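Undergrad: Below is the file my_file_11.cif, with mmCIF, C-alpha atoms.
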data_start
#
loop_
_atom_site.group_PDB
_atom_site.id
_atom_site.type_symbol
_atom_site.label_atom_id
_atom_site.label_comp_id
_atom_site.auth_asym_id
_atom_site.auth_seq_id
_atom_site.Cartn_x
_atom_site.Cartn_y
_atom_site.Cartn_z
ATOM 1 C CA MET J 1 -19.007 -39.372 -58.853
ATOM 2 C CA GLU J 2 -17.062 -38.084 -61.864
ATOM 3 C CA GLN J 3 -20.080 -36.216 -63.244
ATOM 4 C CA THR J 4 -20.789 -34.614 -59.837
ATOM 5 C CA GLU J 5 -17.172 -33.474 -59.632
ATOM 6 C CA THR J 6 -17.378 -32.013 -63.149
ATOM 7 C CA VAL J 7 -20.593 -30.147 -62.294
ATOM 8 C CA ARG J 8 -18.999 -28.817 -59.104
ATOM 9 C CA ASN J 9 -15.917 -27.641 -60.987
ATOM 10 C CA ARG J 10 -18.020 -26.047 -63.730
ATOM 11 C CA SER J 11 -20.143 -24.198 -61.156
ATOM 12 C CA ASN J 12 -17.080 -22.178 -60.086
ATOM 13 C CA MET J 13 -16.131 -21.157 -63.629
ATOM 14 C CA THR J 14 -16.872 -17.851 -65.305
ATOM 15 C CA ILE J 15 -19.237 -17.681 -68.250
ATOM 16 C CA TYR J 16 -16.200 -17.287 -70.517
ATOM 17 C CA ASP J 17 -14.611 -20.511 -69.253
ATOM 18 C CA LEU J 18 -17.872 -22.413 -69.680
ATOM 19 C CA LEU J 19 -18.502 -21.128 -73.191
ATOM 20 C CA LYS J 20 -14.929 -21.905 -74.245
ATOM 21 C CA GLN J 21 -15.287 -25.457 -72.911
ATOM 22 C CA ASP J 22 -18.551 -25.921 -74.825
ATOM 23 C CA HIS J 23 -16.923 -24.541 -77.976
ATOM 24 C CA LYS J 24 -14.013 -26.953 -77.596
ATOM 25 C CA ASP J 25 -16.367 -29.921 -77.060
ATOM 26 C CA VAL J 26 -18.471 -29.125 -80.132
ATOM 27 C CA LYS J 27 -15.391 -28.498 -82.298
ATOM 28 C CA LYS J 28 -14.145 -31.955 -81.338
ATOM 29 C CA LEU J 29 -17.462 -33.502 -82.469
ATOM 30 C CA PHE J 30 -17.435 -31.565 -85.755
ATOM 31 C CA LYS J 31 -13.850 -32.727 -86.329
ATOM 32 C CA GLU J 32 -14.945 -36.375 -86.160
ATOM 33 C CA ILE J 33 -17.333 -35.846 -89.074
ATOM 34 C CA VAL J 34 -15.225 -33.442 -91.129
ATOM 35 C CA ASP J 35 -11.943 -35.344 -90.761
ATOM 36 C CA ASN J 36 -13.606 -38.630 -91.756
ATOM 37 C CA ASN J 37 -15.349 -36.825 -94.626
ATOM 38 C CA ARG J 38 -18.410 -38.941 -93.876
ATOM 39 C CA TYR J 39 -21.767 -37.953 -92.417
ATOM 40 C CA GLN J 40 -22.313 -39.799 -89.138
ATOM 41 C CA ASP J 41 -25.813 -39.384 -87.752
ATOM 42 C CA ASN J 42 -24.923 -40.390 -84.182
ATOM 43 C CA ILE J 43 -22.217 -37.713 -83.990
ATOM 44 C CA TYR J 44 -24.338 -35.119 -85.780
ATOM 45 C CA MET J 45 -27.128 -35.701 -83.240
ATOM 46 C CA GLN J 46 -24.624 -34.960 -80.452
ATOM 47 C CA VAL J 47 -23.545 -31.785 -82.263
ATOM 48 C CA LYS J 48 -27.151 -30.723 -82.774
ATOM 49 C CA LYS J 49 -28.146 -31.259 -79.130
ATOM 50 C CA ALA J 50 -24.997 -29.554 -77.835
ATOM 51 C CA LEU J 51 -25.527 -26.539 -80.110
ATOM 52 C CA GLU J 52 -29.231 -26.222 -79.317
ATOM 53 C CA VAL J 53 -28.626 -26.325 -75.566
ATOM 54 C CA HIS J 54 -25.589 -24.048 -75.786
ATOM 55 C CA MET J 55 -27.249 -21.435 -78.000
ATOM 56 C CA ALA J 56 -30.415 -21.316 -75.891
ATOM 57 C CA GLY J 57 -28.462 -20.817 -72.673
ATOM 58 C CA GLU J 58 -26.088 -18.328 -74.220
ATOM 59 C CA GLU J 59 -28.924 -16.237 -75.645
ATOM 60 C CA LYS J 60 -30.974 -16.294 -72.463
ATOM 61 C CA VAL J 61 -28.333 -15.537 -69.840
ATOM 62 C CA PHE J 62 -25.244 -14.099 -71.575
ATOM 63 C CA TYR J 63 -26.406 -12.169 -74.608
ATOM 64 C CA SER J 64 -29.420 -10.793 -72.731
ATOM 65 C CA ARG J 65 -27.053 -9.200 -70.185
ATOM 66 C CA LEU J 66 -25.008 -7.547 -72.928
ATOM 67 C CA GLU J 67 -27.672 -6.700 -75.491
ATOM 68 C CA ASN J 68 -28.553 -3.261 -74.127
ATOM 69 C CA ASN J 69 -25.028 -2.042 -73.468
ATOM 70 C CA MET J 70 -23.735 0.259 -76.197
ATOM 71 C CA ASP J 71 -20.244 -1.296 -76.026
ATOM 72 C CA THR J 72 -21.473 -4.827 -76.708
ATOM 73 C CA ARG J 73 -24.820 -4.394 -78.486
ATOM 74 C CA GLU J 74 -23.578 -4.624 -82.082
ATOM 75 C CA LEU J 75 -21.577 -7.803 -81.453
ATOM 76 C CA VAL J 76 -24.473 -9.379 -79.544
ATOM 77 C CA LEU J 77 -26.886 -8.609 -82.386
ATOM 78 C CA GLU J 78 -24.429 -10.217 -84.830
ATOM 79 C CA SER J 79 -24.170 -13.236 -82.524
ATOM 80 C CA PHE J 80 -27.957 -13.626 -82.477
ATOM 81 C CA GLU J 81 -27.915 -13.565 -86.290
ATOM 82 C CA GLU J 82 -25.148 -16.163 -86.406
ATOM 83 C CA HIS J 83 -27.207 -18.378 -84.101
ATOM 84 C CA ASP J 84 -30.227 -17.948 -86.365
ATOM 85 C CA LEU J 85 -28.086 -18.976 -89.328
ATOM 86 C CA GLY J 86 -26.864 -22.033 -87.419
ATOM 87 C CA LYS J 87 -30.454 -22.998 -86.556
ATOM 88 C CA LYS J 88 -31.417 -22.703 -90.230
ATOM 89 C CA VAL J 89 -28.533 -24.940 -91.334
ATOM 90 C CA ILE J 90 -29.514 -27.483 -88.658
ATOM 91 C CA LYS J 91 -33.066 -27.521 -90.063
ATOM 92 C CA ASP J 92 -31.622 -27.968 -93.554
ATOM 93 C CA ILE J 93 -29.504 -30.907 -92.403
ATOM 94 C CA ASP J 94 -32.503 -32.478 -90.696
ATOM 95 C CA SER J 95 -34.651 -32.140 -93.819
ATOM 96 C CA SER J 96 -32.012 -33.502 -96.212
ATOM 97 C CA ALA J 97 -32.220 -37.148 -97.203
ATOM 98 C CA ALA J 98 -28.915 -37.719 -98.973
ATOM 99 C CA GLU J 99 -25.883 -38.286 -96.785
ATOM 100 C CA ASP J 100 -23.587 -36.338 -99.135
ATOM 101 C CA ALA J 101 -25.912 -33.321 -98.838
ATOM 102 C CA LYS J 102 -25.953 -33.701 -95.056
ATOM 103 C CA LEU J 103 -22.155 -33.875 -95.008
ATOM 104 C CA ALA J 104 -21.863 -30.700 -97.093
ATOM 105 C CA LYS J 105 -24.233 -28.871 -94.737
ATOM 106 C CA VAL J 106 -22.408 -30.135 -91.643
ATOM 107 C CA LYS J 107 -19.158 -28.778 -93.119
ATOM 108 C CA VAL J 108 -20.817 -25.389 -93.679
ATOM 109 C CA LEU J 109 -22.207 -25.436 -90.132
ATOM 110 C CA SER J 110 -18.761 -26.309 -88.776
ATOM 111 C CA ALA J 111 -17.124 -23.437 -90.673
ATOM 112 C CA ALA J 112 -19.816 -20.997 -89.516
ATOM 113 C CA PHE J 113 -19.374 -22.225 -85.935
ATOM 114 C CA ASP J 114 -15.597 -21.702 -86.143
ATOM 115 C CA GLN J 115 -16.088 -18.140 -87.375
ATOM 116 C CA HIS J 116 -18.680 -17.460 -84.671
ATOM 117 C CA ILE J 117 -16.449 -18.648 -81.841
ATOM 118 C CA ARG J 118 -13.452 -16.684 -83.138
ATOM 119 C CA GLN J 119 -15.492 -13.490 -82.980
ATOM 120 C CA GLU J 120 -17.174 -14.390 -79.708
ATOM 121 C CA GLU J 121 -14.050 -15.501 -77.840
ATOM 122 C CA GLY J 122 -12.091 -12.579 -79.247
ATOM 123 C CA ASP J 123 -14.115 -9.430 -79.709
ATOM 124 C CA LEU J 124 -17.224 -10.123 -77.632
ATOM 125 C CA PHE J 125 -15.456 -11.593 -74.604
ATOM 126 C CA LYS J 126 -12.972 -8.707 -74.592
ATOM 127 C CA LYS J 127 -15.771 -6.128 -74.583
ATOM 128 C CA ALA J 128 -17.929 -8.097 -72.150
ATOM 129 C CA LYS J 129 -15.071 -8.207 -69.642
ATOM 130 C CA LYS J 130 -15.158 -4.392 -69.587
ATOM 131 C CA VAL J 131 -18.917 -4.395 -68.980
ATOM 132 C CA LEU J 132 -19.388 -7.260 -66.505
ATOM 133 C CA SER J 133 -17.964 -7.528 -63.012
ATOM 134 C CA SER J 134 -16.244 -10.677 -61.800
ATOM 135 C CA ASP J 135 -19.352 -11.463 -59.745
ATOM 136 C CA ASP J 136 -21.499 -11.026 -62.879
ATOM 137 C CA GLU J 137 -19.221 -13.383 -64.833
ATOM 138 C CA HIS J 138 -19.610 -16.090 -62.179
ATOM 139 C CA GLU J 139 -23.344 -15.499 -61.707
ATOM 140 C CA ILE J 140 -23.973 -15.691 -65.463
ATOM 141 C CA GLY J 141 -21.866 -18.852 -65.537
ATOM 142 C CA ARG J 142 -24.062 -20.446 -62.850
ATOM 143 C CA LEU J 143 -27.239 -19.364 -64.647
ATOM 144 C CA PHE J 144 -25.872 -20.728 -67.932
ATOM 145 C CA GLU J 145 -25.128 -24.124 -66.362
ATOM 146 C CA ASN J 146 -28.591 -24.230 -64.754
ATOM 147 C CA GLU J 147 -30.214 -23.351 -68.065
ATOM 148 C CA LYS J 148 -28.251 -26.028 -69.918
ATOM 149 C CA MET J 149 -29.078 -28.699 -67.355
ATOM 150 C CA ALA J 150 -32.764 -27.811 -67.485
ATOM 151 C CA LYS J 151 -32.792 -27.865 -71.296
ATOM 152 C CA MET J 152 -31.098 -31.247 -71.364
ATOM 153 C CA GLN J 153 -33.778 -32.537 -69.005
ATOM 154 C CA GLY J 154 -36.534 -30.940 -71.102
ATOM 155 C CA ARG J 155 -37.456 -28.284 -68.520
ATOM 156 C CA ASN J 156 -37.624 -24.513 -68.765
ATOM 157 C CA VAL J 157 -35.884 -22.323 -66.213
ATOM 158 C CA THR J 158 -37.238 -18.873 -65.413
#
How would this structure read if it were set down as structure tokens?

TA:
Amino acid sequence: MEQTETVRNRSNMTIYDLLKQDHKDVKKLFKEIVDNNRYQDNIYMQVKKALEVHMAGEEKVFYSRLENNMDTRELVLESFEEHDLGKKVIKDIDSSAAEDAKLAKVKVLSAAFDQHIRQEEGDLFKKAKKVLSSDDEHEIGRLFENEKMAKMQGRNVT
């Protein structure tokens, strides 16, 4: 019942609200590792899954709508690059054996994520709000949620 209620509430949110909630959730997970100054695989795996699902949905339904607009293109291209950097660090974490090396990489990923969300929630959201209508913001939010749910279930949405 709780999960259904959460899904229903999220389905009425704009893309900005949904992305901010995801950012907040991932920051909380990063904080558990960074504040304890100890690599914790179970928490890292939650971070990894959340980031992979979030980035895929964001790229497919949000960035794609803004990529060809001259007001948002530069910031979207930077965001794609930041995602690529995040994906590289995730691969580096996954291929590292030593927990201290994994911890160092998680800290770098956390710092990069913080920088990314500052720019996204500030500059990109501000410009996107001038480009997208309220209906667009809600439609993209619904598409984003559908994409995330499909990814979490291992399906592709077209």

Undergrad: Which residues of segment 53-150 of chain J come within 9 Å of segment 17-39 of chain J, and for each one, what is the closest pair of atoms and their distance in Å to one decimal, counting only C-alpha atoms, sorted by chain and residue number, as a tab-separated table?

TA:
residue	atom	partner	partner_atom	distance
J:His54	CA	J:Asp22	CA	7.3
J:Glu58	CA	J:Leu19	CA	8.2
J:Glu99	CA	J:Tyr39	CA	6.0
J:Asp100	CA	J:Tyr39	CA	7.1
J:Ala101	CA	J:Tyr39	CA	8.9
J:Lys102	CA	J:Tyr39	CA	6.5
J:Leu103	CA	J:Tyr39	CA	4.8
J:Ala104	CA	J:Tyr39	CA	8.6
J:Val106	CA	J:Phe30	CA	7.8
J:Lys107	CA	J:Val34	CA	6.4
J:Leu109	CA	J:Phe30	CA	8.9
J:Ser110	CA	J:Phe30	CA	6.2
J:Phe113	CA	J:Lys27	CA	8.3
J:Asp114	CA	J:Lys27	CA	7.8
J:Ile117	CA	J:His23	CA	7.1
J:Glu121	CA	J:Lys20	CA	7.4
J:Gly141	CA	J:Leu18	CA	6.8
J:Phe144	CA	J:Leu18	CA	8.4
J:Glu145	CA	J:Leu18	CA	8.2

Undergrad: Show me as number ranges by chain the residues that reach within 12 Å of (-32.0, -22.4, -65.1), counting only C-alpha atoms and using the file's own coordinates.

TA: J: 53, 56-58, 60-61, 139-158

Undergrad: Could you check how far atom CA of Leu77 of chain J sits from atom CA of Gln46 of chain J, in Å to one decimal?

TA: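 Separation of atom CA of Leu77 of chain J and atom CA of Gln46 of chain J: 26.5 Å.
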
Undergrad: Can you list what the PyMOL selection byres ((chain J and resi 14) around 6) grabs from this structure, as an NGL selection string?

TA: :J and (13 or 15-17 or 137-138 or 141)

Undergrad: Show me, as JSON, the centre and edge lengths in Å to one decimal of the axis-aligned box that covers every listed atom of segment 77-81 of chain J with 3 Å on each side.

TA:
{"center_x": -26.1, "center_y": -11.1, "center_z": -84.3, "size_x": 9.8, "size_y": 11.0, "size_z": 9.9}

Undergrad: One number please: atom CA of Phe80 of chain J to atom CA of Phe62 of chain J, in Å, one decimal.

TA: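 For atom CA of Phe80 of chain J relative to atom CA of Phe62 of chain J, the distance reads 11.2 Å.
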
Undergrad: Would you mind reading off the distance between atom CA of Ala128 of chain J and atom CA of Thr72 of chain J, one decimal, in Å?

TA: 6.6 Å

Undergrad: Which residue, J:Asp136, J:Met55, J:Ser79, J:Ile93, has the smallest gap to Gln40 of chain J when you use all atoms listed in the file?

TA: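 Looking at the shortest contact to Gln40 of chain J, the residue is J:Ile93.
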
Undergrad: Counting only C-alpha atoms, figure out which residue out of J:Leu66, J:Leu85, J:Ile90, J:Leu75 gets nearest to Val47 of chain J.

TA: J:Ile90
